[in-house]
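Trainee: Contents of final34.cif (mmCIF, C-alpha atoms) are below:
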data_final
#
loop_
_atom_site.label_atom_id
_atom_site.label_comp_id
_atom_site.auth_asym_id
_atom_site.auth_seq_id
_atom_site.Cartn_x
_atom_site.Cartn_y
_atom_site.Cartn_z
CA MET A 25 26.79 66.03 115.28
CA ASN A 26 26.23 67.15 118.88
CA ASN A 27 28.93 67.89 121.45
CA LEU A 28 28.69 64.47 123.13
CA GLU A 29 29.08 62.50 119.88
CA PHE A 30 31.82 64.82 118.71
CA THR A 31 33.75 64.46 121.99
CA VAL A 32 33.56 60.63 121.91
CA LEU A 33 34.64 60.36 118.26
CA VAL A 34 37.45 62.92 118.52
CA GLY A 35 38.56 61.32 121.80
CA LEU A 36 38.78 57.88 120.14
CA GLY A 37 40.62 59.27 117.12
CA SER A 38 43.07 61.11 119.36
CA PHE A 39 43.63 57.96 121.42
CA MET A 40 44.57 56.05 118.24
CA ALA A 41 46.86 58.88 117.10
CA GLY A 42 48.63 58.93 120.47
CA PHE A 43 48.83 55.13 120.64
CA LEU A 44 50.36 54.70 117.17
CA GLY A 45 52.55 57.76 117.68
CA ALA A 46 54.09 56.24 120.80
CA LEU A 47 54.46 52.75 119.26
CA THR A 48 56.25 54.02 116.20
CA GLY A 49 58.15 56.80 117.96
CA LEU A 50 56.84 59.32 115.44
CA GLY A 51 54.65 61.18 117.92
CA GLY A 52 50.88 61.56 117.72
CA GLY A 53 50.81 65.30 117.01
CA VAL A 54 51.76 64.93 113.40
CA VAL A 55 48.56 63.03 112.47
CA LEU A 56 46.24 64.94 114.82
CA VAL A 57 45.88 68.13 112.80
CA PRO A 58 45.17 66.31 109.50
CA LEU A 59 42.71 64.04 111.35
CA LEU A 60 40.83 67.01 112.81
CA ALA A 61 41.01 69.15 109.68
CA LEU A 62 40.29 66.51 107.03
CA VAL A 63 38.01 64.03 108.85
CA PHE A 64 36.23 66.21 111.40
CA LYS A 65 36.25 69.39 109.25
CA VAL A 66 37.65 71.46 112.11
CA ASP A 67 39.14 74.85 111.15
CA ILE A 68 42.91 74.37 110.98
CA ARG A 69 43.53 77.12 113.58
CA TYR A 70 41.44 75.30 116.22
CA ALA A 71 43.08 72.02 115.18
CA VAL A 72 46.59 73.43 115.59
CA GLY A 73 45.70 74.91 119.01
CA ALA A 74 44.32 71.63 120.34
CA SER A 75 47.24 69.66 118.92
CA LEU A 76 49.84 71.93 120.51
CA VAL A 77 48.27 71.52 123.95
CA SER A 78 48.26 67.73 123.57
CA VAL A 79 51.94 67.80 122.56
CA ILE A 80 52.78 69.33 125.95
CA ALA A 81 50.76 66.61 127.69
CA THR A 82 52.49 63.69 125.95
CA SER A 83 55.97 65.14 126.27
CA SER A 84 55.61 65.80 129.99
CA GLY A 85 53.67 62.61 130.71
CA ALA A 86 56.28 60.44 129.00
CA ALA A 87 59.26 62.00 130.77
CA VAL A 88 59.26 59.39 133.55
CA ALA A 89 59.06 56.49 131.09
CA TYR A 90 61.89 57.96 129.01
CA LEU A 91 64.13 58.26 132.08
CA LYS A 92 64.18 54.47 132.40
CA GLU A 93 65.14 53.71 128.83
CA GLY A 94 67.24 56.64 127.73
CA PHE A 95 69.73 59.12 129.01
CA SER A 96 68.94 62.71 128.37
CA ASN A 97 71.54 65.44 128.58
CA ILE A 98 70.02 68.43 130.35
CA ARG A 99 72.78 70.80 129.19
CA ILE A 100 72.32 69.98 125.50
CA GLY A 101 68.55 70.21 125.99
CA MET A 102 68.62 73.54 127.82
CA PHE A 103 71.09 75.14 125.40
CA LEU A 104 69.10 74.10 122.33
CA GLU A 105 65.86 75.24 123.97
CA VAL A 106 67.13 78.79 123.55
CA ALA A 107 66.82 78.19 119.79
CA THR A 108 63.57 76.21 119.85
CA THR A 109 61.64 78.57 122.14
CA VAL A 110 62.60 81.70 120.18
CA GLY A 111 61.82 79.80 116.95
CA ALA A 112 58.46 78.70 118.39
CA LEU A 113 57.53 82.30 119.23
CA PHE A 114 58.30 83.33 115.63
CA GLY A 115 56.35 80.36 114.28
CA ALA A 116 53.30 81.12 116.42
CA PHE A 117 53.26 84.78 115.35
CA LEU A 118 53.68 83.68 111.75
CA ALA A 119 50.70 81.32 112.15
CA THR A 120 48.48 84.28 112.99
CA LYS A 121 49.63 86.14 109.87
CA VAL A 122 49.58 83.60 107.02
CA SER A 123 46.52 82.00 105.37
CA THR A 124 45.14 78.63 106.47
CA SER A 125 45.94 77.11 103.07
CA ALA A 126 49.59 78.12 103.46
CA ILE A 127 49.67 76.39 106.85
CA GLY A 128 48.01 73.35 105.26
CA ALA A 129 50.58 73.19 102.46
CA VAL A 130 53.59 73.49 104.82
CA PHE A 131 51.97 70.86 107.01
CA GLY A 132 51.65 68.53 104.04
CA ILE A 133 55.34 68.86 103.20
CA VAL A 134 56.35 68.17 106.82
CA LEU A 135 54.08 65.09 106.87
CA ILE A 136 55.64 63.65 103.72
CA TYR A 137 59.11 64.31 105.07
CA SER A 138 58.25 62.66 108.43
CA GLY A 139 56.87 59.65 106.57
CA TYR A 140 60.11 59.40 104.62
CA LEU A 141 62.15 59.63 107.84
CA SER A 142 60.12 56.85 109.43
CA SER A 143 61.25 54.43 106.73
CA ARG A 144 64.89 54.94 107.71
CA THR A 145 66.64 53.65 110.77
CA LEU A 146 68.84 56.12 112.57
CA VAL A 147 72.35 54.93 113.35
CA ASP A 148 74.91 56.21 115.80
CA PRO A 149 77.70 58.36 114.37
CA PRO A 150 80.90 56.56 113.28
CA PRO A 151 83.72 56.36 115.85
CA ASP A 152 86.15 58.43 113.74
CA LYS A 153 84.13 61.53 114.63
CA GLN A 154 84.66 60.88 118.31
CA GLN A 155 87.06 63.75 118.95
CA PRO A 156 86.16 66.58 121.31
CA ASP A 157 84.92 69.84 119.80
CA PRO A 158 86.14 73.01 121.60
CA LEU A 159 82.79 74.84 121.61
CA ALA A 160 80.81 71.83 122.79
CA THR A 161 83.43 71.19 125.47
CA ARG A 162 83.19 74.78 126.70
CA LEU A 163 79.41 74.39 126.87
CA GLY A 164 79.79 71.21 128.94
CA MET A 165 77.79 69.12 126.46
CA ASN A 166 79.92 65.99 126.23
CA GLY A 167 78.62 63.12 128.31
CA VAL A 168 78.53 59.44 129.11
CA TYR A 169 75.76 56.91 128.67
CA PRO A 170 75.60 53.29 129.84
CA SER A 171 75.73 50.68 127.08
CA LEU A 172 76.04 46.88 126.99
CA ASN A 173 79.82 47.25 126.97
CA GLY A 174 79.88 49.53 129.99
CA PRO A 175 79.80 53.34 130.12
CA LYS A 176 80.38 54.94 126.72
CA SER A 177 81.44 58.56 126.35
CA TYR A 178 80.32 60.77 123.50
CA PHE A 179 81.38 64.13 122.11
CA VAL A 180 79.04 66.72 120.66
CA HIS A 181 79.89 68.42 117.36
CA ARG A 182 78.75 71.24 115.08
CA VAL A 183 76.88 73.16 117.76
CA PRO A 184 76.06 76.21 115.55
CA LEU A 185 74.50 74.01 112.82
CA GLY A 186 72.46 72.08 115.38
CA PHE A 187 71.40 75.36 116.97
CA GLY A 188 70.24 76.71 113.60
CA LEU A 189 68.29 73.54 112.78
CA MET A 190 66.66 73.71 116.21
CA PHE A 191 65.49 77.24 115.47
CA GLY A 192 63.77 75.79 112.39
CA ALA A 193 62.29 72.93 114.41
CA GLY A 194 60.90 75.42 116.92
CA GLY A 195 59.45 77.54 114.12
CA LEU A 196 57.66 74.54 112.62
CA SER A 197 56.36 73.57 116.06
CA GLY A 198 54.91 77.05 116.58
CA LEU A 199 53.48 77.29 113.07
CA LEU A 200 51.92 73.83 112.90
CA GLY A 201 51.22 72.90 116.53
CA ILE A 202 53.37 69.78 116.39
CA GLY A 203 56.28 68.55 118.49
CA SER A 204 58.71 68.44 115.54
CA GLY A 205 60.38 65.51 117.29
CA ALA A 206 61.62 64.11 113.97
CA VAL A 207 63.44 67.33 113.08
CA LYS A 208 64.85 67.64 116.59
CA VAL A 209 66.25 64.11 116.60
CA LEU A 210 67.65 64.67 113.10
CA ALA A 211 69.46 67.85 114.16
CA MET A 212 71.00 66.17 117.19
CA ASP A 213 71.75 62.92 115.39
CA HIS A 214 73.07 63.98 112.02
CA ALA A 215 74.35 67.49 112.70
CA MET A 216 75.66 67.20 116.23
CA GLY A 217 76.54 63.50 116.26
CA ILE A 218 74.74 62.71 119.51
CA PRO A 219 74.01 58.99 120.09
CA PHE A 220 70.43 57.98 119.27
CA LYS A 221 69.59 56.94 122.85
CA VAL A 222 70.59 60.34 124.16
CA SER A 223 69.03 62.43 121.38
CA THR A 224 65.59 60.75 121.53
CA THR A 225 65.19 61.36 125.25
CA THR A 226 66.63 64.85 125.16
CA SER A 227 64.28 65.68 122.29
CA ASN A 228 61.25 64.54 124.31
CA PHE A 229 62.35 66.77 127.16
CA MET A 230 62.60 69.73 124.80
CA ILE A 231 59.26 69.26 123.04
CA GLY A 232 57.13 70.36 126.01
CA VAL A 233 59.16 73.52 126.63
CA THR A 234 59.10 74.41 122.92
CA ALA A 235 55.33 73.93 122.73
CA ALA A 236 54.77 75.99 125.88
CA ALA A 237 56.54 78.93 124.20
CA SER A 238 53.98 79.07 121.38
CA ALA A 239 51.01 78.03 123.54
CA GLY A 240 50.85 81.48 125.14
CA VAL A 241 50.50 83.12 121.73
CA TYR A 242 47.84 80.58 120.63
CA LEU A 243 45.86 81.08 123.83
CA SER A 244 45.80 84.86 123.54
CA ARG A 245 44.72 84.67 119.89
CA GLY A 246 41.77 82.44 120.79
CA TYR A 247 43.06 79.30 119.00
CA VAL A 248 42.66 77.07 122.05
CA ASP A 249 39.03 75.95 122.31
CA PRO A 250 38.26 74.05 125.54
CA GLY A 251 35.48 71.95 123.98
CA LEU A 252 37.85 70.65 121.30
CA ALA A 253 41.12 70.56 123.25
CA MET A 254 39.51 68.49 126.06
CA PRO A 255 38.92 65.24 124.10
CA VAL A 256 42.10 65.74 122.05
CA MET A 257 44.38 66.23 125.04
CA LEU A 258 42.85 63.44 127.16
CA GLY A 259 42.70 61.04 124.19
CA VAL A 260 46.28 61.60 123.04
CA LEU A 261 47.62 61.40 126.58
CA ALA A 262 45.83 58.10 127.34
CA GLY A 263 46.81 56.71 123.92
CA SER A 264 50.48 57.57 124.17
CA LEU A 265 50.78 56.22 127.71
CA SER A 266 49.18 52.90 126.65
CA GLY A 267 51.35 52.84 123.53
CA ALA A 268 54.49 53.23 125.62
CA ARG A 269 53.37 50.25 127.74
CA VAL A 270 52.92 47.79 124.88
CA LEU A 271 55.99 49.11 123.08
CA ALA A 272 58.30 46.54 124.65
CA ARG A 273 56.14 43.63 123.46
CA THR A 274 55.62 44.54 119.82
CA LYS A 275 57.61 44.35 116.63
CA THR A 276 57.43 47.90 115.39
CA LYS A 277 59.18 47.74 112.03
CA GLN A 278 56.12 46.89 109.92
CA LEU A 279 53.98 49.18 112.02
CA ARG A 280 56.37 52.05 111.32
CA TRP A 281 56.01 51.36 107.61
CA VAL A 282 52.22 51.34 107.74
CA PHE A 283 52.07 54.45 109.90
CA GLY A 284 54.65 56.13 107.65
CA ALA A 285 52.49 55.39 104.60
CA VAL A 286 49.42 56.82 106.36
CA ILE A 287 51.39 59.98 107.19
CA VAL A 288 52.51 60.42 103.57
CA ALA A 289 48.91 59.92 102.36
CA LEU A 290 47.68 62.54 104.85
CA GLY A 291 50.42 64.89 103.64
CA VAL A 292 49.28 64.56 100.02
CA GLU A 293 45.67 65.10 101.13
CA MET A 294 46.65 68.23 103.09
CA ILE A 295 48.47 69.74 100.12
CA TYR A 296 45.51 68.87 97.85
CA GLY A 297 43.13 70.46 100.37
CA ALA A 298 45.32 73.56 100.59
CA PHE A 299 45.36 74.09 96.81
CA THR A 300 41.66 73.45 96.33
CA GLY A 301 40.78 75.83 99.17
CA LYS A 302 39.15 73.18 101.36
CA LEU A 303 41.23 73.96 104.45
CA MET B 12 71.10 73.37 153.33
CA PHE B 13 72.19 71.46 150.19
CA ARG B 14 75.69 70.23 149.59
CA LYS B 15 76.85 70.43 146.01
CA SER B 16 77.57 66.70 145.83
CA ASP B 17 73.91 65.93 146.61
CA TRP B 18 72.89 67.47 143.30
CA THR B 19 73.89 65.37 140.33
CA ASP B 20 72.40 65.71 136.86
CA GLN B 21 70.78 62.29 137.24
CA LYS B 22 69.06 63.19 140.46
CA ILE B 23 67.82 66.46 139.00
CA GLU B 24 66.37 64.59 136.04
CA VAL B 25 64.41 62.22 138.27
CA ILE B 26 62.96 65.14 140.23
CA ILE B 27 62.07 66.97 137.00
CA ALA B 28 60.40 63.91 135.46
CA ASN B 29 58.25 63.43 138.55
CA LEU B 30 57.41 67.13 138.63
CA LEU B 31 56.23 66.91 135.02
CA ARG B 32 54.15 63.80 135.68
CA ALA B 33 52.49 65.41 138.70
CA GLY B 34 51.68 68.54 136.69
CA VAL B 35 50.19 66.59 133.80
CA THR B 36 48.14 64.34 136.11
CA LEU B 37 46.69 67.33 137.93
CA ALA B 38 45.96 69.20 134.69
CA ALA B 39 44.31 66.13 133.14
CA MET B 40 42.05 65.71 136.18
CA VAL B 41 40.93 69.35 136.02
CA VAL B 42 40.31 69.08 132.24
CA PHE B 43 38.36 65.84 132.75
CA THR B 44 36.20 67.38 135.49
CA GLY B 45 35.45 70.40 133.33
CA GLY B 46 34.73 68.09 130.40
CA VAL B 47 32.14 66.07 132.35
CA ILE B 48 30.36 69.26 133.43
CA PHE B 49 30.57 70.63 129.87
CA LEU B 50 28.98 67.50 128.39
CA MET B 51 26.28 67.34 131.07
CA ARG B 52 25.26 70.93 130.35
CA HIS B 53 25.95 71.21 126.62
CA GLY B 54 26.19 67.60 125.36
CA LYS B 55 23.05 67.88 123.20
CA GLU B 56 24.07 71.14 121.53
CA PRO B 57 25.51 70.95 118.02
CA ALA B 58 29.32 70.90 117.76
CA GLY B 59 30.67 73.61 115.49
CA TYR B 60 34.37 73.99 114.83
CA HIS B 61 34.16 74.33 111.07
CA VAL B 62 34.16 78.11 111.13
CA PHE B 63 36.84 79.91 113.11
CA THR B 64 35.45 82.61 115.37
CA GLY B 65 38.16 82.61 118.06
CA GLU B 66 37.56 82.19 121.76
CA PRO B 67 35.70 84.84 123.77
CA SER B 68 38.17 87.30 125.30
CA ASN B 69 37.72 85.97 128.84
CA LEU B 70 39.04 82.54 127.77
CA ARG B 71 42.18 84.07 126.24
CA ASN B 72 43.98 85.37 129.33
CA TRP B 73 44.69 83.82 132.68
CA ARG B 74 42.70 86.30 134.78
CA GLY B 75 39.57 85.65 132.75
CA ILE B 76 40.14 81.89 132.79
CA VAL B 77 40.62 81.75 136.58
CA HIS B 78 37.52 83.90 137.01
CA ALA B 79 35.41 81.69 134.71
CA ALA B 80 36.68 78.52 136.40
CA PHE B 81 35.82 79.76 139.88
CA ALA B 82 32.38 80.75 138.62
CA LEU B 83 32.15 76.99 137.80
CA ARG B 84 31.70 77.60 134.10
CA ALA B 85 32.56 74.33 132.37
CA ARG B 86 34.66 75.79 129.56
CA GLY B 87 36.50 77.93 132.12
CA ILE B 88 37.42 74.84 134.18
CA ILE B 89 38.77 73.03 131.10
CA GLN B 90 40.75 76.11 130.09
CA LEU B 91 42.19 76.34 133.62
CA GLY B 92 43.38 72.72 133.29
CA LEU B 93 45.00 73.54 129.96
CA LEU B 94 46.67 76.57 131.52
CA MET B 95 48.10 74.31 134.26
CA LEU B 96 49.35 71.99 131.55
CA ILE B 97 51.13 74.84 129.76
CA ALA B 98 52.63 75.92 133.10
CA THR B 99 54.22 72.48 133.69
CA PRO B 100 57.19 72.88 131.32
CA VAL B 101 57.62 76.42 132.62
CA ALA B 102 57.95 75.02 136.15
CA ARG B 103 60.48 72.56 134.79
CA VAL B 104 62.69 75.32 133.40
CA ALA B 105 62.33 77.34 136.62
CA PHE B 106 63.46 74.29 138.59
CA SER B 107 66.43 73.86 136.23
CA VAL B 108 67.57 77.41 136.97
CA PHE B 109 67.47 76.57 140.67
CA ALA B 110 69.33 73.29 140.11
CA PHE B 111 72.08 74.95 138.06
CA VAL B 112 72.51 77.51 140.86
CA LEU B 113 73.04 74.64 143.29
CA GLU B 114 75.57 73.12 140.91
CA ARG B 115 77.32 76.52 140.68
CA ASP B 116 77.12 76.28 136.90
CA TRP B 117 76.67 79.99 136.14
CA LEU B 118 76.82 79.60 132.35
CA TYR B 119 73.76 77.37 132.46
CA VAL B 120 72.04 79.49 135.08
CA GLY B 121 72.17 82.17 132.36
CA VAL B 122 71.02 79.82 129.58
CA ALA B 123 68.07 78.46 131.59
CA SER B 124 67.10 81.97 132.76
CA PHE B 125 66.95 83.12 129.14
CA VAL B 126 64.64 80.22 128.23
CA LEU B 127 62.48 81.06 131.25
CA LEU B 128 62.30 84.68 130.12
CA VAL B 129 61.12 83.66 126.63
CA LEU B 130 58.39 81.49 128.19
CA PHE B 131 57.27 84.30 130.48
CA TYR B 132 57.21 86.68 127.56
CA SER B 133 54.96 84.31 125.62
CA LEU B 134 52.63 83.50 128.50
CA LEU B 135 52.42 86.80 130.35
CA GLY B 136 53.22 89.20 127.52
CA SER B 137 50.54 87.91 125.22
CA ALA B 138 48.04 86.21 127.49
CA MET B 139 47.87 88.84 130.22
#
Please re-express this file's structure in C-alpha cells.
Mentor:
Amino acid sequence: MNNLEFTVLVGLGSFMAGFLGALTGLGGGVVLVPLLALVFKVDIRYAVGASLVSVIATSSGAAVAYLKEGFSNIRIGMFLEVATTVGALFGAFLATKVSTSAIGAVFGIVLIYSGYLSSRTLVDPPPDKQQPDPLATRLGMNGVYPSLNGPKSYFVHRVPLGFGLMFGAGGLSGLLGIGSGAVKVLAMDHAMGIPFKVSTTTSNFMIGVTAAASAGVYLSRGYVDPGLAMPVMLGVLAGSLSGARVLARTKTKQLRWVFGAVIVALGVEMIYGAFTGKL
Amino acid sequence: MFRKSDWTDQKIEVIIANLLRAGVTLAAMVVFTGGVIFLMRHGKEPAGYHVFTGEPSNLRNWRGIVHAAFALRARGIIQLGLLMLIATPVARVAFSVFAFVLERDWLYVGVASFVLLVLFYSLLGSAM
C-alpha cells in the first residue's frame, strides 16, 4: 500500500470511528487503536500516538456544541484535572516502559468494560443523597443546572474517591492514548453523584487537558508520526463533528448496542493478539 | 479594566469554548496543508508503520518541528499543526488561571496553576 492509498483508507476508517463515537457518546478513540493495530497492522505505539492527538481534537472541537446541550462545572473539572493530568503523565511514562502486548491486553480489558458500560443507561443520583458535603462545599463544587422544572441545584459528594478514580482514568488515557470518557463519567456519576448532564460535559472539557499532559511525553519519545496522525486526526474530527450534527435526529439505543458489541469483539481480538504476540 | 460582575462562570465557558474551536480549526488547517504537500511529494512511496522506529529527533521537540516547518518540509508542517493542537488545551488552562484571578478565587487560581505546571512539565520538560 502506498502513502496515498493508506491515507485515504485510514482517513475513512477514522471518520467512521469518530462518527459512531459521537452518535453513541462512547467516543471514537476507543476503537481507533484496535482499528489501526488490527486492520492496518500499525505498530501499537504509533497507533496510540495518533489516537491521543485525535482525542484532543475531538474534545476541543466539540466544546462549543456541548455548551448548548449541557452545563459543565469548571471548578469540578479543574480540580479533577489535577488528578487526571498527573495520572496521564504516569501512564505515558509507563507506556514507554512496558511491552506492546501488555498495552494490548490492558486495552482489550478496557474495551470490554466500555462495551459493557454502553449497554447500561446512566441515571441521576437519588434525591436522598442531596445533602451538602463539607469538602465539596469548601471547594465550591456545588452548582445549579437548568431542567424542565426550572433550575435544579446539586451537591457533590465523595471528592477523595472521585479524585482517586480520576487518577486512574488519567493513567489509562496516558497508557492507551484514549480519552477515558467512560471512566471519567462513571467517577463523577457514581462516586461523586454529579447529574449526568453536568458530568458528560465536564468530562469532555477534561479529556483534552488530560490528553495534552501525555502528548508531550509521546511526542518526545517519537510516538507521534505526522504521516499517520494526519489522516487519523482529520478523519476523527470530521466524523465526530458530523456525528454530533445528526445526533438529534437519530434513535441511538440500538446503535449503542451494535457499537458496544463491536467494541467488545475488538477487545477480545486485542487480548487474543496480545497473547499470540501479534501486536 | 474588568469589573468582577462581568466575569461569570458561564461567560468564561463561552469564551473558552470558542478559544478551543479556534485553536482546533487553525491546527486542522495547518495539518491539512502539510498533508496535501506530503501526499504530493511522497504519495507513491510505500506506507510503513508496521515496524516501530520512532520519529527522527528533529520531529520530537518543538524547536526542530518549527525549523522543519519553516523549511517547508511536509512532515514538519503536519507536526507543527499537531503541536498547535496540543497547545490548545494548555491555552485553555492558562486562560482559566486568568479568569479565576478576575473572580478573586485564589483557591482555584492555585488549582489551575498546578494543572498548568504539569502541562508545561510534560511539554517543555520532555519535548524541549
Trainee: Do you have the atom CA of Gly37 of chain A-atom CA of Gly251 of chain A distance handy?
Mentor: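 Here the two named atoms are 15.3 Å from each other.
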Trainee: Can you spell out as an mmCIF file with C-alpha atoms, in the frame of the given file the set of residues that the PyMOL selection byres ((chain B) within 7 of (chain A)) selects in the structure I just provided?
Mentor:
data_model
loop_
_atom_site.group_PDB
_atom_site.id
_atom_site.type_symbol
_atom_site.label_atom_id
_atom_site.label_comp_id
_atom_site.auth_asym_id
_atom_site.auth_seq_id
_atom_site.Cartn_x
_atom_site.Cartn_y
_atom_site.Cartn_z
ATOM 1 C CA ALA B 28 60.400 63.910 135.460
ATOM 2 C CA ASN B 29 58.250 63.430 138.550
ATOM 3 C CA LEU B 31 56.230 66.910 135.020
ATOM 4 C CA ARG B 32 54.150 63.800 135.680
ATOM 5 C CA VAL B 35 50.190 66.590 133.800
ATOM 6 C CA ALA B 39 44.310 66.130 133.140
ATOM 7 C CA VAL B 42 40.310 69.080 132.240
ATOM 8 C CA GLY B 46 34.730 68.090 130.400
ATOM 9 C CA LEU B 50 28.980 67.500 128.390
ATOM 10 C CA HIS B 53 25.950 71.210 126.620
ATOM 11 C CA GLY B 54 26.190 67.600 125.360
ATOM 12 C CA LYS B 55 23.050 67.880 123.200
ATOM 13 C CA GLU B 56 24.070 71.140 121.530
ATOM 14 C CA PRO B 57 25.510 70.950 118.020
ATOM 15 C CA ALA B 58 29.320 70.900 117.760
ATOM 16 C CA TYR B 60 34.370 73.990 114.830
ATOM 17 C CA HIS B 61 34.160 74.330 111.070
ATOM 18 C CA VAL B 62 34.160 78.110 111.130
ATOM 19 C CA PHE B 63 36.840 79.910 113.110
ATOM 20 C CA GLY B 65 38.160 82.610 118.060
ATOM 21 C CA GLU B 66 37.560 82.190 121.760
ATOM 22 C CA ARG B 71 42.180 84.070 126.240
ATOM 23 C CA ASN B 72 43.980 85.370 129.330
ATOM 24 C CA ARG B 86 34.660 75.790 129.560
ATOM 25 C CA ILE B 89 38.770 73.030 131.100
ATOM 26 C CA GLN B 90 40.750 76.110 130.090
ATOM 27 C CA LEU B 96 49.350 71.990 131.550
ATOM 28 C CA ILE B 97 51.130 74.840 129.760
ATOM 29 C CA PRO B 100 57.190 72.880 131.320
ATOM 30 C CA VAL B 101 57.620 76.420 132.620
ATOM 31 C CA VAL B 122 71.020 79.820 129.580
ATOM 32 C CA ALA B 123 68.070 78.460 131.590
ATOM 33 C CA VAL B 126 64.640 80.220 128.230
ATOM 34 C CA VAL B 129 61.120 83.660 126.630
ATOM 35 C CA LEU B 130 58.390 81.490 128.190
ATOM 36 C CA SER B 133 54.960 84.310 125.620
ATOM 37 C CA LEU B 134 52.630 83.500 128.500
ATOM 38 C CA SER B 137 50.540 87.910 125.220
ATOM 39 C CA ALA B 138 48.040 86.210 127.490
#
Trainee: May I ask for the distance between atom CA of Phe131 of chain A and atom CA of Val104 of chain B, given in Å to one decimal place?
Mentor: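 A separation of 28.8 Å between them.
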Trainee: Find the distance between atom CA of Val222 of chain A and atom CA of Pro184 of chain A and write it in Å to one decimal.
Mentor: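 Distance between the two atoms: 18.9 Å.
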Trainee: From the list B:Arg103, B:His78, B:Arg52, B:Lys22, which residue is nearest Ser124 of chain B when using all atoms listed in the file?
Mentor: B:Arg103
Trainee: Do you know which residues are at most 6 Å from segment 46-53 of chain A counting all atoms listed in the file, after dropping those on the same chain fewer than 6 positions away, and could you put them as a compact mmCIF listing (two decimals) with C-alpha atoms, in the frame of the given file?
Mentor:
# COMPACT_ATOMS: atom_id res chain seq x y z
CA SER A 75 47.24 69.66 118.92
CA ILE A 202 53.37 69.78 116.39
CA SER A 264 50.48 57.57 124.17
CA GLY A 267 51.35 52.84 123.53
CA ALA A 268 54.49 53.23 125.62
CA LEU A 271 55.99 49.11 123.08
CA ARG A 280 56.37 52.05 111.32
Trainee: Measuring atom to atom with all atoms listed in the file, identify which of A:Gly297, A:Pro158, A:Gly111, A:Gly186 is nearest to Gly217 of chain A.
Mentor: A:Gly186
Trainee: Using all atoms listed in the file, find the one residue out of A:Val55, A:Val207, A:Met40, A:Leu62 that sits nearest to Val286 of chain A.
Mentor: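 Once distances to Val286 of chain A are computed over all atoms listed in the file, the minimum belongs to A:Val55.
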Trainee: Could you tell me which of A:Val122, A:Leu59, A:Val168, A:Val282 comes closest to Gln21 of chain B if we count all atoms listed in the file?
Mentor: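 For Gln21 of chain B, the nearest of the candidates is A:Val168.
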Trainee: Starting from the PyMOL selection byres ((chain B and resi 80) around 12), expand the selection into actual residues of this file and give them as a PyMOL selection string.
Mentor: (chain A and resi 250) or (chain B and resi 41-42+44-45+48-49+69-70+73-79+81-94)
